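First the structure, in the form of structure tokens, and then the observations on it.
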Amino acid sequence: MVRIFVTVVGVATIAFAGSGSGIASAQALSAAAAAGPPPSSVNIFPLSQVHRGLTGTAWTVFEGTVPEPMEVEILGVLHGARGPHRDLILARLHGAKPEYTGVVAGMSGSPVYIDGRLAGALSYRIGQFSKEPIAGITPIEQMLEVRDLPQIQGPVQIAKNDASGIESGGLTFSAMETPLMMSGFQPEAIQVWKQQVAGTGLDVISAGGGLSGSSAAASDKAGGQAHPMGEAGDFGPIVPGSAISLQLVRGDLEIAATCTVTYVDPKQLLACGHPVLQAGPVSLPMTSTEVLATLASPMNAFKIVNTGNVVGAFTEDRDAAIAGVMGGTARMIPVSISVNNGAKTEERRVDVLDLPSLTPQAVLVSVYQILLESNQSSALTSYHVSGEIKVRGEAPVPVNAWGTPGEAMAAQLAAAFGVADGFNRMYANATRLEPMESVRLHIEVLPRDMRTELESVRLISSSIVHAGDTVEVEATLRPWEQPARNVRIPFTIPARLEPGTLRLMVGGAATLDRTLEAARPQGHAATEAAVSARLRGLHAADQVYVSLLLPESQASMPGTTLDSLPLSMANTMESERSGVEVGLHGESVVVTAQAPAGGVLSGQQILTLRVESGGGLH
């Protein structure tokens, strides 16, 4: 949300003097409503001619799909209110509806006409509890600058828009909120979303739902194509004053933000009169929208909406407006999820936006919501998410995430964070050159607590061994609220070992992966290839691993680990470490055996063996 601070002295005289002068009659408004909003092809009313005392008409949808007129009384121009040479027109709204509802979230972008010419868009409000419908208008000249920008392909980083500014002891002007509709999400998922996007202006949640235009299935039936230019399918044509939505997630779940169309021609439109994400170039589906009702509230008045058919794609999210191309197709990342609830498997499909600082959050909350849907869930339910993440032209990266009860967060949320972490490590990597192609997941709902603890470890035979021996270790595992059980795991002592002390590490994947990660080079940004290799190298959480800590040099490089290096090779790598991402260590961690743990294993133990010379037992 954008907030602009101006002094009390600079506003008070303008805002509260001359109320009611030159206001249009009810008959004139009725005639205007019958005629509908003027087309965008009319001439513009230049900012240089705007002054106190002018009157005009603004258009917005209070209910349904047809824009309604409001009386607008121009109170003056706030010079530089939005930044150097970025002025704001101050106006008071009149009429039964705006005087009842006040300035409403979702109203931003409502076009304002003076003498039949387009002057700008309602876009800013005073404070949050103002008793009068006082609004700021973004001049149309500044919005048309966004229309005329050269097209730049590809999404960019979100610049957080978290209400920072310089307060001079005066009134607060803030952008009218863009109400965010989350359809199909439970309160727990909505709360996670609000926590993840706090400060971006997307934490204002409104009520609403999606229609056929928001479903992935409908998109497939249409061949993935948007409706022809200007045709909104189920909600009629797009005109100045129409409600319009941009989708962040669509399909079996939907996240969409809504504002109002200011300008539209056969090829493109402008809306909002302020940024939504302050993201610059974007690629987001643009849908027609129906307003079910406008909720009046001094704290958070907003429009309750349904989204309709896709009519194009938003391509720009700038300071003065968001811009869209009619008939365009947005680039989204498909996420398909199958859920095994025991007796049956259900499929869920969503598309998420492709925008670096928001896509991981959209993936997280979507996976979390689908995990929440299981009717088999209980306080003791565990979740296993497997699958793959695909970057175009690259081998798939596996997903293997668990969520179990008793963690610091809910089991479903723990599993969702596990998926989102791996996704984000690939998606946010600075060296990735190709787009994310797809995410395919399978959720297994397990009706018991899958936590398992490593209780003890012992050697079946003596701790004195010989090179080449096959040795057996016994691990005692204790599943949650179940009897302990023993697992015997044979492994072989490398034949090359010299006499001396040998350490043996027995434990779960979390401890093993942390040990291996600590051995990797630090302080360098990992390449996409290195991140991909690390994700492929992660160990399964439901296995017990036996690893040898060998007194030999080990080198870690992107995509590979070299064990038992000869001294000459280790010296060569040491001299080149400054130019290559190489980690060099005096001890090698070698996984030599594993066995099913029957659950998500935690804990580790270290055993010490004595390697003596002479033949061993095989």
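Letters for chains follow the order of the structure tokens (A, B, ...), residue numbers begin at 1 for each chain, and ligand numbers begin at 1 in the order shown.
If you count only C-alpha atoms and ignore residues fewer than 2 places along the chain from Ile493 in chain A, what sits within 6 Å of it is Ala467, Gly468 and Asp469 of chain A.
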So which residues touch Thr55 in chain A within 6 Å, counting only C-alpha atoms, skipping near sequence neighbours fewer than 5 positions away, as a short mmCIF file (atom, residue, chain, number, x, y, z; two decimals) with all heavy atoms, in the first residue's frame?
```
data_model
loop_
_atom_site.label_atom_id
_atom_site.label_comp_id
_atom_site.auth_asym_id
_atom_site.auth_seq_id
_atom_site.Cartn_x
_atom_site.Cartn_y
_atom_site.Cartn_z
N VAL A 72 -18.45 14.34 -8.71
CA VAL A 72 -17.10 14.66 -8.27
C VAL A 72 -16.94 16.17 -8.19
O VAL A 72 -17.20 16.89 -9.16
CB VAL A 72 -16.04 14.08 -9.24
CG1 VAL A 72 -14.64 14.51 -8.82
CG2 VAL A 72 -16.14 12.57 -9.29
N GLU A 73 -16.54 16.65 -7.04
CA GLU A 73 -16.26 18.07 -6.83
C GLU A 73 -14.75 18.26 -6.69
O GLU A 73 -14.13 17.70 -5.79
CB GLU A 73 -16.97 18.55 -5.56
CG GLU A 73 -16.63 19.98 -5.15
CD GLU A 73 -17.15 20.31 -3.77
OE1 GLU A 73 -17.75 19.42 -3.12
OE2 GLU A 73 -16.93 21.45 -3.32
N ILE A 74 -14.15 18.98 -7.61
CA ILE A 74 -12.71 19.19 -7.58
C ILE A 74 -12.36 20.20 -6.50
O ILE A 74 -12.89 21.32 -6.48
CB ILE A 74 -12.19 19.67 -8.95
CG1 ILE A 74 -12.55 18.65 -10.04
CG2 ILE A 74 -10.68 19.90 -8.90
CD1 ILE A 74 -11.97 17.28 -9.82
#
```
**OP:** Could you find all residues in range 426-544 of chain A that DSSP calls alpha helix (DSSP H) from the backbone, and write them as a PyMOL selection string?
**Re:** chain A and resi 426-427+509-518+528-537
**OP:** From a DSSP pass on the backbone, collect the residues of range 55-110 of chain A flagged as strand (DSSP E or B) and hand them back as a list in words.
**Re:**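 Put together, the selection reads Thr55, Gly56, Thr57, Ala58, Trp59, Thr60, Gly64, Glu68, Pro69, Met70, Glu71, Val72, Glu73, Ile74, Leu75, Gly76, Val77, Leu78, Leu88, Ile89, Leu90, Ala91, Arg92, Leu93, His94 and Ala105 of chain A.
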Can you write just those residues out, C-alpha atoms, as a PDB file, in the first residue's frame?
```
ATOM      1  CA  THR A  55     -17.282  19.391 -11.211  1.00  0.00           C
ATOM      2  CA  GLY A  56     -17.251  16.075 -12.979  1.00  0.00           C
ATOM      3  CA  THR A  57     -18.416  12.483 -12.981  1.00  0.00           C
ATOM      4  CA  ALA A  58     -16.647   9.312 -11.858  1.00  0.00           C
ATOM      5  CA  TRP A  59     -17.727   5.793 -12.801  1.00  0.00           C
ATOM      6  CA  THR A  60     -17.457   2.571 -10.821  1.00  0.00           C
ATOM      7  CA  GLY A  64     -23.235  -6.248 -10.793  1.00  0.00           C
ATOM      8  CA  GLU A  68     -22.613   3.803 -12.098  1.00  0.00           C
ATOM      9  CA  PRO A  69     -21.897   7.536 -12.056  1.00  0.00           C
ATOM     10  CA  MET A  70     -20.792   9.530  -8.993  1.00  0.00           C
ATOM     11  CA  GLU A  71     -20.619  13.279  -8.624  1.00  0.00           C
ATOM     12  CA  VAL A  72     -17.099  14.660  -8.272  1.00  0.00           C
ATOM     13  CA  GLU A  73     -16.263  18.072  -6.826  1.00  0.00           C
ATOM     14  CA  ILE A  74     -12.706  19.188  -7.584  1.00  0.00           C
ATOM     15  CA  LEU A  75     -11.065  20.696  -4.487  1.00  0.00           C
ATOM     16  CA  GLY A  76      -7.674  21.511  -5.998  1.00  0.00           C
ATOM     17  CA  VAL A  77      -4.322  20.061  -6.996  1.00  0.00           C
ATOM     18  CA  LEU A  78      -1.703  18.803  -4.536  1.00  0.00           C
ATOM     19  CA  LEU A  88      -2.540  14.523  -7.276  1.00  0.00           C
ATOM     20  CA  ILE A  89      -5.974  16.015  -7.901  1.00  0.00           C
ATOM     21  CA  LEU A  90      -8.039  16.262  -4.717  1.00  0.00           C
ATOM     22  CA  ALA A  91     -11.808  15.711  -4.980  1.00  0.00           C
ATOM     23  CA  ARG A  92     -14.913  15.091  -2.896  1.00  0.00           C
ATOM     24  CA  LEU A  93     -17.399  12.437  -4.024  1.00  0.00           C
ATOM     25  CA  HIS A  94     -21.138  13.080  -3.848  1.00  0.00           C
ATOM     26  CA  ALA A 105     -11.072  -0.740  -1.761  1.00  0.00           C
TER      27      ALA A 105
END
```
**OP:** Could you jot down the CA of Ile322 in chain A to CA of Thr289 in chain A separation for me, Å, one decimal place?
**Re:** 16.2 Å
Subject >> Residues within 12 Å of Gly614 in chain A, only C-alpha atoms, excluding chain neighbours under 6 positions, as a list in words >> reply: Ile464, Val465, His466, Ala467, Gly468, Asp469, Ala495, Leu497, Glu498 and Pro499 of chain A
Original post:
Near Leu270 in chain A, counting only C-alpha atoms, which residues have an atom at most 8 Å away, once you skip same-chain residues fewer than 5 positions from it, shown as a VMD selection string?
Top reply: chain A and resid 143 to 144 147 261 to 264 321 to 324
Those same residues, written as a short mmCIF file (atom, residue, chain, number, x, y, z; two decimals), in the first residue's frame with N, CA and C atoms?
```
data_model
loop_
_atom_site.label_atom_id
_atom_site.label_comp_id
_atom_site.auth_asym_id
_atom_site.auth_seq_id
_atom_site.Cartn_x
_atom_site.Cartn_y
_atom_site.Cartn_z
N MET A 143 -0.95 8.36 -16.37
CA MET A 143 -1.36 6.99 -16.65
C MET A 143 -1.05 6.60 -18.09
N LEU A 144 -1.23 7.54 -19.02
CA LEU A 144 -0.96 7.24 -20.43
C LEU A 144 0.53 7.00 -20.68
N ARG A 147 0.80 3.35 -20.60
CA ARG A 147 0.31 2.74 -21.84
C ARG A 147 1.37 2.76 -22.93
N VAL A 261 -11.28 -0.27 -14.19
CA VAL A 261 -10.72 0.14 -15.48
C VAL A 261 -10.88 1.65 -15.66
N THR A 262 -9.79 2.30 -16.03
CA THR A 262 -9.82 3.74 -16.30
C THR A 262 -9.94 4.01 -17.79
N TYR A 263 -9.15 3.28 -18.56
CA TYR A 263 -9.03 3.53 -20.00
C TYR A 263 -9.00 2.19 -20.71
N VAL A 264 -9.71 2.09 -21.85
CA VAL A 264 -9.67 0.85 -22.62
C VAL A 264 -9.83 1.18 -24.10
N ALA A 321 -0.26 3.43 -12.84
CA ALA A 321 -1.32 2.56 -13.34
C ALA A 321 -0.78 1.16 -13.55
N ILE A 322 -1.70 0.21 -13.73
CA ILE A 322 -1.35 -1.09 -14.27
C ILE A 322 -1.91 -1.15 -15.68
N ALA A 323 -1.21 -1.83 -16.59
CA ALA A 323 -1.60 -1.86 -17.99
C ALA A 323 -1.74 -3.30 -18.44
N GLY A 324 -2.73 -3.54 -19.30
CA GLY A 324 -2.96 -4.89 -19.80
C GLY A 324 -3.18 -4.90 -21.29
#
```
**OP:** Quote the spacing between CA of Ala510 in chain A and CA of Ala540 in chain A in Å to one decimal place.
**Re:**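 Answer for the CA of Ala510 in chain A to CA of Ala540 in chain A separation: 8.7 Å.
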Leaving out range 133-142 of chain A and any residue of its chain fewer than 4 positions from it, which residues lie within 9 Å of it when counting only C-alpha atoms, given as a PDB file with N, CA and C atoms, in the first residue's frame?
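File written: around-v5.pdb
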```pdb
ATOM      1  N   ALA A  15      -9.941  20.989   1.521  1.00  0.00           N
ATOM      2  CA  ALA A  15     -10.859  19.861   1.668  1.00  0.00           C
ATOM      3  C   ALA A  15     -12.219  20.245   2.215  1.00  0.00           C
ATOM      4  N   ILE A  44      -8.691  14.189 -23.546  1.00  0.00           N
ATOM      5  CA  ILE A  44      -8.334  14.241 -22.133  1.00  0.00           C
ATOM      6  C   ILE A  44      -8.516  15.663 -21.603  1.00  0.00           C
ATOM      7  N   PHE A  45      -8.755  15.750 -20.307  1.00  0.00           N
ATOM      8  CA  PHE A  45      -8.824  17.041 -19.626  1.00  0.00           C
ATOM      9  C   PHE A  45      -7.453  17.243 -18.984  1.00  0.00           C
ATOM     10  N   PRO A  46      -6.643  18.165 -19.506  1.00  0.00           N
ATOM     11  CA  PRO A  46      -5.252  18.268 -19.041  1.00  0.00           C
ATOM     12  C   PRO A  46      -5.166  18.748 -17.602  1.00  0.00           C
ATOM     13  N   LEU A  47      -4.147  18.293 -16.905  1.00  0.00           N
ATOM     14  CA  LEU A  47      -3.923  18.688 -15.522  1.00  0.00           C
ATOM     15  C   LEU A  47      -3.748  20.189 -15.398  1.00  0.00           C
ATOM     16  N   LEU A  78      -2.812  18.923  -5.477  1.00  0.00           N
ATOM     17  CA  LEU A  78      -1.703  18.803  -4.536  1.00  0.00           C
ATOM     18  C   LEU A  78      -0.432  18.586  -5.351  1.00  0.00           C
ATOM     19  N   ARG A  86       4.865  14.777  -9.723  1.00  0.00           N
ATOM     20  CA  ARG A  86       3.811  13.760  -9.741  1.00  0.00           C
ATOM     21  C   ARG A  86       2.666  14.286  -8.872  1.00  0.00           C
ATOM     22  N   ASP A  87       1.788  15.074  -9.506  1.00  0.00           N
ATOM     23  CA  ASP A  87       0.726  15.751  -8.774  1.00  0.00           C
ATOM     24  C   ASP A  87      -0.468  14.830  -8.542  1.00  0.00           C
ATOM     25  N   LEU A  88      -1.325  15.264  -7.612  1.00  0.00           N
ATOM     26  CA  LEU A  88      -2.540  14.523  -7.276  1.00  0.00           C
ATOM     27  C   LEU A  88      -3.692  15.512  -7.240  1.00  0.00           C
ATOM     28  N   ILE A  89      -4.772  15.180  -7.925  1.00  0.00           N
ATOM     29  CA  ILE A  89      -5.974  16.015  -7.901  1.00  0.00           C
ATOM     30  C   ILE A  89      -6.815  15.593  -6.698  1.00  0.00           C
ATOM     31  N   LEU A  90      -7.226  16.556  -5.891  1.00  0.00           N
ATOM     32  CA  LEU A  90      -8.039  16.262  -4.717  1.00  0.00           C
ATOM     33  C   LEU A  90      -9.509  16.512  -5.026  1.00  0.00           C
ATOM     34  N   ALA A  91     -10.388  15.585  -4.644  1.00  0.00           N
ATOM     35  CA  ALA A  91     -11.808  15.711  -4.980  1.00  0.00           C
ATOM     36  C   ALA A  91     -12.667  15.151  -3.861  1.00  0.00           C
ATOM     37  N   ARG A  92     -13.912  15.627  -3.806  1.00  0.00           N
ATOM     38  CA  ARG A  92     -14.913  15.091  -2.896  1.00  0.00           C
ATOM     39  C   ARG A  92     -15.984  14.400  -3.738  1.00  0.00           C
ATOM     40  N   LEU A  93     -16.381  13.191  -3.308  1.00  0.00           N
ATOM     41  CA  LEU A  93     -17.399  12.437  -4.024  1.00  0.00           C
ATOM     42  C   LEU A  93     -18.772  12.747  -3.431  1.00  0.00           C
ATOM     43  N   HIS A  94     -19.762  12.825  -4.287  1.00  0.00           N
ATOM     44  CA  HIS A  94     -21.138  13.080  -3.848  1.00  0.00           C
ATOM     45  C   HIS A  94     -22.070  12.021  -4.446  1.00  0.00           C
ATOM     46  N   PRO A  98     -21.651   6.709  -2.737  1.00  0.00           N
ATOM     47  CA  PRO A  98     -20.320   7.017  -2.213  1.00  0.00           C
ATOM     48  C   PRO A  98     -20.350   7.677  -0.842  1.00  0.00           C
ATOM     49  N   GLU A  99     -21.409   8.462  -0.559  1.00  0.00           N
ATOM     50  CA  GLU A  99     -21.485   9.083   0.754  1.00  0.00           C
ATOM     51  C   GLU A  99     -21.807   8.059   1.837  1.00  0.00           C
ATOM     52  N   TYR A 100     -22.429   6.923   1.451  1.00  0.00           N
ATOM     53  CA  TYR A 100     -22.719   5.850   2.406  1.00  0.00           C
ATOM     54  C   TYR A 100     -21.506   4.932   2.591  1.00  0.00           C
ATOM     55  N   THR A 101     -20.910   4.525   1.480  1.00  0.00           N
ATOM     56  CA  THR A 101     -19.801   3.561   1.567  1.00  0.00           C
ATOM     57  C   THR A 101     -18.470   4.227   1.854  1.00  0.00           C
ATOM     58  N   GLY A 102     -18.334   5.496   1.484  1.00  0.00           N
ATOM     59  CA  GLY A 102     -17.031   6.131   1.552  1.00  0.00           C
ATOM     60  C   GLY A 102     -16.156   5.649   0.405  1.00  0.00           C
ATOM     61  N   VAL A 103     -14.864   5.928   0.510  1.00  0.00           N
ATOM     62  CA  VAL A 103     -13.913   5.471  -0.498  1.00  0.00           C
ATOM     63  C   VAL A 103     -13.645   3.988  -0.267  1.00  0.00           C
ATOM     64  N   GLY A 109      -8.944   3.382  -9.793  1.00  0.00           N
ATOM     65  CA  GLY A 109      -9.008   3.271 -11.244  1.00  0.00           C
ATOM     66  C   GLY A 109     -10.290   3.813 -11.828  1.00  0.00           C
ATOM     67  N   PRO A 111     -12.693   5.938 -13.564  1.00  0.00           N
ATOM     68  CA  PRO A 111     -12.375   7.106 -14.392  1.00  0.00           C
ATOM     69  C   PRO A 111     -13.175   8.341 -13.985  1.00  0.00           C
ATOM     70  N   VAL A 112     -12.539   9.489 -14.083  1.00  0.00           N
ATOM     71  CA  VAL A 112     -13.161  10.770 -13.741  1.00  0.00           C
ATOM     72  C   VAL A 112     -13.180  11.636 -14.999  1.00  0.00           C
ATOM     73  N   LEU A 118     -11.675  12.948 -20.238  1.00  0.00           N
ATOM     74  CA  LEU A 118     -11.083  12.084 -19.221  1.00  0.00           C
ATOM     75  C   LEU A 118      -9.975  12.824 -18.474  1.00  0.00           C
ATOM     76  N   ALA A 119     -10.146  12.981 -17.158  1.00  0.00           N
ATOM     77  CA  ALA A 119      -9.184  13.734 -16.352  1.00  0.00           C
ATOM     78  C   ALA A 119      -8.229  12.832 -15.576  1.00  0.00           C
ATOM     79  N   GLY A 120      -8.665  11.616 -15.222  1.00  0.00           N
ATOM     80  CA  GLY A 120      -7.800  10.744 -14.430  1.00  0.00           C
ATOM     81  C   GLY A 120      -8.593   9.643 -13.767  1.00  0.00           C
ATOM     82  N   ALA A 121      -8.010   9.069 -12.714  1.00  0.00           N
ATOM     83  CA  ALA A 121      -8.625   7.929 -12.032  1.00  0.00           C
ATOM     84  C   ALA A 121      -8.606   8.135 -10.536  1.00  0.00           C
ATOM     85  N   LEU A 122      -9.735   7.843  -9.875  1.00  0.00           N
ATOM     86  CA  LEU A 122      -9.736   7.808  -8.417  1.00  0.00           C
ATOM     87  C   LEU A 122      -8.701   6.779  -7.965  1.00  0.00           C
ATOM     88  N   SER A 123      -7.837   7.147  -7.030  1.00  0.00           N
ATOM     89  CA  SER A 123      -6.747   6.229  -6.696  1.00  0.00           C
ATOM     90  C   SER A 123      -6.278   6.320  -5.251  1.00  0.00           C
ATOM     91  N   TYR A 124      -6.486   7.450  -4.573  1.00  0.00           N
ATOM     92  CA  TYR A 124      -5.959   7.625  -3.223  1.00  0.00           C
ATOM     93  C   TYR A 124      -7.067   8.051  -2.266  1.00  0.00           C
ATOM     94  N   ARG A 125      -6.852   7.753  -0.993  1.00  0.00           N
ATOM     95  CA  ARG A 125      -7.824   8.095   0.042  1.00  0.00           C
ATOM     96  C   ARG A 125      -7.088   8.791   1.171  1.00  0.00           C
ATOM     97  N   ILE A 126      -7.856   9.510   2.043  1.00  0.00           N
ATOM     98  CA  ILE A 126      -7.288  10.144   3.230  1.00  0.00           C
ATOM     99  C   ILE A 126      -7.495   9.213   4.404  1.00  0.00           C
ATOM    100  N   VAL A 146       2.243   5.033 -18.916  1.00  0.00           N
ATOM    101  CA  VAL A 146       2.358   3.589 -18.740  1.00  0.00           C
ATOM    102  C   VAL A 146       1.885   2.866 -19.996  1.00  0.00           C
ATOM    103  N   PHE A 173      -2.150  10.323   3.012  1.00  0.00           N
ATOM    104  CA  PHE A 173      -2.784   9.899   1.771  1.00  0.00           C
ATOM    105  C   PHE A 173      -2.236   8.528   1.419  1.00  0.00           C
ATOM    106  N   SER A 174      -3.115   7.567   1.207  1.00  0.00           N
ATOM    107  CA  SER A 174      -2.659   6.228   0.845  1.00  0.00           C
ATOM    108  C   SER A 174      -3.442   5.744  -0.367  1.00  0.00           C
ATOM    109  N   ALA A 175      -2.779   4.882  -1.149  1.00  0.00           N
ATOM    110  CA  ALA A 175      -3.467   4.304  -2.299  1.00  0.00           C
ATOM    111  C   ALA A 175      -4.684   3.524  -1.827  1.00  0.00           C
ATOM    112  N   MET A 176      -5.783   3.644  -2.554  1.00  0.00           N
ATOM    113  CA  MET A 176      -6.940   2.813  -2.241  1.00  0.00           C
ATOM    114  C   MET A 176      -6.501   1.351  -2.317  1.00  0.00           C
ATOM    115  N   THR A 262      -9.787   2.301 -16.032  1.00  0.00           N
ATOM    116  CA  THR A 262      -9.816   3.739 -16.302  1.00  0.00           C
ATOM    117  C   THR A 262      -9.938   4.012 -17.795  1.00  0.00           C
ATOM    118  N   TYR A 263      -9.150   3.279 -18.563  1.00  0.00           N
ATOM    119  CA  TYR A 263      -9.027   3.534 -20.002  1.00  0.00           C
ATOM    120  C   TYR A 263      -9.001   2.194 -20.712  1.00  0.00           C
ATOM    121  N   GLY A 273      -4.770   3.273 -11.272  1.00  0.00           N
ATOM    122  CA  GLY A 273      -4.275   4.612 -10.968  1.00  0.00           C
ATOM    123  C   GLY A 273      -3.150   4.619  -9.964  1.00  0.00           C
ATOM    124  N   HIS A 274      -2.696   3.449  -9.548  1.00  0.00           N
ATOM    125  CA  HIS A 274      -1.558   3.293  -8.636  1.00  0.00           C
ATOM    126  C   HIS A 274      -1.018   1.877  -8.837  1.00  0.00           C
ATOM    127  N   ASP A 319       3.925   2.995 -11.267  1.00  0.00           N
ATOM    128  CA  ASP A 319       3.533   3.947 -10.227  1.00  0.00           C
ATOM    129  C   ASP A 319       2.167   4.580 -10.502  1.00  0.00           C
ATOM    130  N   ALA A 320       1.851   4.862 -11.758  1.00  0.00           N
ATOM    131  CA  ALA A 320       0.622   5.587 -12.071  1.00  0.00           C
ATOM    132  C   ALA A 320      -0.517   4.690 -12.514  1.00  0.00           C
ATOM    133  N   ALA A 321      -0.257   3.428 -12.841  1.00  0.00           N
ATOM    134  CA  ALA A 321      -1.319   2.559 -13.345  1.00  0.00           C
ATOM    135  C   ALA A 321      -0.777   1.156 -13.552  1.00  0.00           C
TER     136      ALA A 321
END
```
Original post:
Val305 in chain A: which residues within 12 Å, counting only C-alpha atoms, same-chain residues fewer than 4 positions away excluded, as an NGL selection string?
Top reply: :A and (61-65 or 105-106 or 179-183 or 205-211 or 235 or 243-245 or 255-259 or 287-295)
**OP:** Quote the spacing between CA of Leu454 in chain A and CA of Thr501 in chain A in Å to one decimal place.
**Re:**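 Computing it gives 23.9 Å between the two atoms.
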Original post:
Which of these, A:Leu29, A:Val589, A:Ile370, A:Leu516, has the shortest distance to Val335 in chain A once you count only C-alpha atoms?
Top reply: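 Between A:Leu29, A:Val589, A:Ile370, A:Leu516, the residue approaching Val335 in chain A most closely is A:Ile370.
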